[in-house]
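Structure record follows, encoded as structure tokens.
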Amino acid sequence: MGKRVAITGFGQTHHSARRWDVNGLELIQEAVARALADAELTLKDIDAVVIGNMDHFEGINYVDTWSVEGCGAFLKPIFKVTTGGTTGSTVGIAAYYHVASGLFDHVLAIGWEKNSESDTTGAIITCSDPIWDRFSYSGAIPSLAVEASAYMKKYGIKQEDAARVTVRDRGNAVKNPYAHLRMAVTVEDVMRSPMLTEPIKLLDICPRSDGAAAVIFSSEDRAEKTCPQPAWVHSVSVRHDTTWFGDIDYTEIHSLASAAKEAFRLAGIRDPWKELDICELYMPYSFAGLKWIESIGFCGPGQAPRLLWDGETDMGGTLPMNPSGGVLSTNCIGATALLRVGEVAHQIMGKADKRQVPDVRLGMATGFGGCFWSDVMILGAEKP
Amino acid sequence: MKRVAAVGVSQTRFQPRHPDKNYADLIYDVTTGALKDAGMTIGQIDNVVTVSNDFWDGRTISSMAVMDACGSYGKNVSTVEGDGTLGALYGAMRIWSGSFGTTLVVAHSKGSEGSPFLITNAMFDPFYHRPLGLDAISSAALQAQAYIDRRRARVEDWARVSVKNHRNAKLNPFAQLPMDVTVEQVMASPVKATPLKRLDCSPVSDGAAAVILAGEDRVGESRQKPVWLKGVGYAAELHYLGDRDLSHPRALELAAQKAYSMAGIKDPKEEIDFLEVYDAFSYMESLWLEGLGICSAGEGGKLTREGITEMKGKLPVNASGGVLSAHAVLVAGLVRFIEGVLQIRGAAGAHQLDRAGMGLAHGINGPCGQSHCVWILGKN
Amino acid sequence: MNDQWRRDTRPLILEGGIHMPYSWTVGRVGSRFLIELRDHGRIMGSRCPNCHLVWVPPRLRCPECYAEIDDRAWMEVGPHGTLRHFTIVRYEHPAQPMKPPFAYGLIDLDGASRAITHLISGMDLDCLRPGIRVKPVMESTRQGHILDIAFFTPVGGSNQ
């Protein structure tokens with residue numbers, strides 16, 4: 001293994017449907033300034049920057065060079081990593097490799113998106129192959145609806161079971177001052193919300209947000225010197241297996257199962273449900289909060305609704321999930337997966353404020369992309 | 001830090017259009033090509049880094065198109081959206097980190113499938129630059145003019161760069177524009193934007209390239225002699241053209257300093273045997289040589305004039321024909337890296353240089369070389 | 001395996017396009033700059049309290065040292081300036097605001113620490129030289145857009 005790496009700072013913007021007050025560069029600056037303040041570092045301490053977002057959502061090409069003044073990257077090394085919905089986690093993972101390589105001591109990972117600036121569905125449709133997939137691909141929601149339908153049919157899952165996931169996350173978001181949607185909802189609210197694509201209703205799906213996240217990854221000796229409780233990176237894993245939408249197996253999210261398996265193995269975790277203290281699961285829609293936790297192995301197939309209804313994943317439960325309010329409460333795509341990483345880090349650092357879960361020693365953050373790609377990062381309070 | 005080497009390479013022919021191949025086809029060709037070059041199998045590749053750009057491909061998540069073609073199924077994979085030299089860097093970082101023993105780095109671009117004007121216009125900020133209608137050529141013209149105004153560069157010297165590189169391309173089977181042109185022909189070619197004429201500008205090509213990197217404990221798995229990554233550096237300047245001194249490539253100076261320092265190089269023009277630099281326009285070869293410290297400010301043209309940068313010269317630059325002769329955007333930086341590897345291996349065929357123990361490969365990203373990446377590659 | 005079909009088949013090309021409208025948020029700082037341009041025909045800059053560089057257009061944070069730049073640190077710059085470099089464009093594309101030949105220039109406005117990029121027009125382009133003094137020509141109807149400045153033109157007309 002290379003050098004040990006820890007997260008020593010995390011900052012995010014106040015996410016909203018449209019941040020009128022700032023342009024993209026200023027949005028990035030808000031998150032960066034907060035991350036530096038959180039880590040008690042200045043830009044002079046930052047050795048390199050890695051940034052990500054989804055190009056067509058803001059219509060800016062070569063975002064790494066466009067964003068230099070936003071990132072504080074004047075005369076610094078910077079490049080862009082972009083992998084669709086998983087961008088936030090692959091940017092964080094890239095920052096980890098930057099430091100683990102031994103080349104840099106403090107690296108700033110930035111994810112951002114100003115979804116308000118474009119027609120998100122129009123932009124995301126262009127992720128499909130123009131000759132074979134584009135004419136039948138109508139955005140993220142319908143493919144998720146296919147997955148949800150298959151899952152419901154196989155295990156007799158009800159729409160109310162998924163609604164319970166929304167209730168949990170939206171309730172958690174009330175305590176997160178940065179979240180986009182901060183109003184709790186009930187199961188009835190979810191069931192009454194407009195149907196978008198059977199069985200996905202408006203309150204089953206994530207919003208579109210403007211927002212940015214910045215996370216500082218530091219080398220072992222710097223982390224120890226500058227941070228009282230760093231969040232150590234125990235493992236990372238990426239599976240971006242889909243090329244064609246027609247090849248996706250909608251009965252099982254293979255990429256998440258595979259990435260989780262590898263991440264647990266590298267981190268020496270044998271019983272994730274017992275050993276993890278929190279999980280920030282990238283869930284673009286509520287049904288994922290059932291199906292995907294089965295794929296990760298937190299419970300057997302079809303068993304997830306019981307965990308939800310028994311409150312096992314609520315704050316105070318066996319494994320609290322999405323204390324931040326999750327993706328259902330905030331979705332600024334290039335930042336979204338990085339927010340999962342930052343939230344787990346802050347929970348470990350004891351900086352999660354009103355949504356702090358007591359005594360977080362080990363946490364899991366996942367990333368997801370609309371083409372069914374998945375990433376996993378395991379963070380811990382102890383050095384690996 | 002453990003040592004990392006390039007142990008397999010492949011590139012496609014660069015041409016105005018590959019009408020029978022899409023991105024996945026091109027990536028499949030270079031992936032299998034690099035594996036064949038190394039005598040390795042896809043199972044020996046621990047992880048993959050792809051390089052592509054959503055605008056050039058007309059596709060958000062452009063990397064999705066090539067996920068199976070590059071053999072990344074079931075593996076850790078990521079994507080750099082920027083020059084191929086940066087993709088190679090991320091690939092190397094992942095080996096230096098200790099997490100992986102080998103990385104496959106692939107890059108693709110089909111300039112034929114989009115509008116280079118609109119795509120490069122889109123690299124500018126939407127409020128103050130884009131509405132002016134700037135694109136890669138007009139912005140480069142401003143930089144070329146700055147080079148004349150502030151460093152007294154001479155357009156005739158740049159014409160010599162074009163002559164040299166197109167002539168060198170005759171010995172490179174992958175190049176798109178092998179040509180015999182004279183200085184007079186370059187000077188007489190139609191003006192695109194002053195002071196740049198058509199023969200000062202690179203084409204836009206279709207093509208792909210791949211490199212296999214390995215940590216020192218894995219280089220034995222390749223049948224090729226390893227070419228060692230001795231040093232690397234990268235840095236970026238500010239974005240608005242007026243916020244920069246376009247005649248002074250500060251980011252390149254910083255990137256070069258880091259690369260030289262890592263490689264233990266104190267006097268680059270003595271210790272480096274050859275260079276492959278990103279000459280998207282003829283003036284860039286000269287300006288980048290100044291930024292690299294090969295000569296002082298304003299002296300870049302002199303190197304060409306005195307024949308120092310010719311293949312038979314004291315310090316050959318762009319023996320491959322450079323970007324002026326083949327320009328698949330993003331891929332071209334990885335090709336500079338690959339050309340460096342081929343030279344050091346002694347496998348550059350007709351354009352093989354006599355002295356090639358230590359080489360420099362360079363790439364740029366963003367308008368007017370806003371960002372630079374410098375690699376030092378060596379035999380030992 | 002009969003590969004003849006590869007030789008017999010002419011590859012197809014699918015013509016298409018991506019039509020994406022955007023609505024970019026200018027932000028408070030940029031809006032104030034463009035509104036000054038629109039309503040008063042004034043070009044504004046802002047001075048970094050730390051490194052004292054005057055940025056045009058004004059920024060929320062200094063691009064070089066990242067210090068926050070206060071609302072009160074704004075000042076008018078120019079309107080005159082010095083032409084640093086220019087290029088005369090001779091190729092055409094519908095997205096260009098003028099028909100070629102036309103010129104772009106980097107202009108060091110009086111009082112600004114860095115140059116702005118804009119169009120140069122209103123004179124015989126062959127008479128352009130670096131170092132000449134230029135001034136903005138404002139559109140009579142303005143919208144809060146960088147092209148409210150139609151172009152820059154030599155001070156004192158084209159006979160310089």
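Letters A, B, ... mark the chains of the structure tokens in the order given; residue numbers begin at 1 per chain; ligand numbers begin at 1, in order shown.
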
TODO: Would you please give, as a PyMOL selection string, all residues of range 104-344 of chain B that DSSP assigns to alpha helix (DSSP H) based on the backbone?
DONE: chain B and resi 116-121+136-151+155-169+183-188+250-263+268-271+282-291+300-305+322-325+331-344

- [ ] Within 6 Å of chain B, which residues of chain C are there when counting only C-alpha atoms? Please give them as a ChimeraX atom specification.
- [x] /C:11,85,87-91,95-96,114-116,146

- [ ] Write out as a list of chain:residue names the residues lying within 6 Å of range 99-107 of chain B, counting only C-alpha atoms and excluding same-chain residues fewer than 2 positions away.
- [x] A:Met1, B:Ile45, B:Asp46, B:Asn47, B:Val48, B:Val49, B:Thr50, B:Val51, B:Gly91, B:Ile95, B:Ser97, B:Ala208, B:Ala209, B:Ala210, B:Val211, B:Ile212, B:Leu213, B:Ala214, B:Gly215, B:Val331

Open item on the list: Restricting the calculation to only C-alpha atoms: of A:Ile157, A:Val50, A:Ala17, A:Ile125, which residue gets closest to Ser329 in chain A?
Closed with: A:Ala17

Open item on the list: Quick one: residues within 10 Å of Glu139 in chain C, only C-alpha atoms, excluding same-chain residues fewer than 5 positions away - as a list in words?
Closed with: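 Within the cut-off, the hits are Arg38, Gly41, Leu147, Asp148, Ile149, Ala150 and Phe151 of chain C.
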
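Residues in contact with range 50-53 of chain C at up to 8 Å, not including ones fewer than 3 positions away on its chain and judged by only C-alpha atoms, are Arg47, Cys65, Ala67, Ala112 and Ser113 of chain C.
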
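For the set C:Gly78, C:Pro57, C:Gly156, C:Gly27, the residue with the smallest atom-to-atom gap to chain A is C:Gly27, counting only C-alpha atoms.
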
- [ ] Determine which residues of chain B sit within 6 Å of chain A, taking into account only C-alpha atoms, and present them as a list in words.
- [x]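 In the required form, that comes to Arg59, Thr60, Ile61, Met64, Ala65, Met67, Tyr73, Asn76, Thr79, Val80, Glu81, Met93, Arg94, Trp96, Ser97, Gly98, Ser99, Ala122, Met123, Tyr234, Ala235, Ala236, Glu237, Leu238, His239, Ala251 and Gly366 of chain B.
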
TODO: Just need the residues of chain A within 6 Å of chain C, counting only C-alpha atoms, so spit them out as a list of chain:residue names.
DONE: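 Putting it all together, I get A:Trp20, A:Asp21, A:Val22, A:Asn23, A:Glu69, A:Phe74, A:Glu117, A:Ser118.
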
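Separating CA of Thr141 in chain C from CA of Ile43 in chain C is a distance of 16.1 Å.
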
Task: Within 12 Å of Gly131 in chain C using only C-alpha atoms, minus same-chain residues under 3 positions, as a PyMOL selection string - done: (chain B and resi 146+149-150) or (chain C and resi 81-86+105-109+128+134+154-155+160)
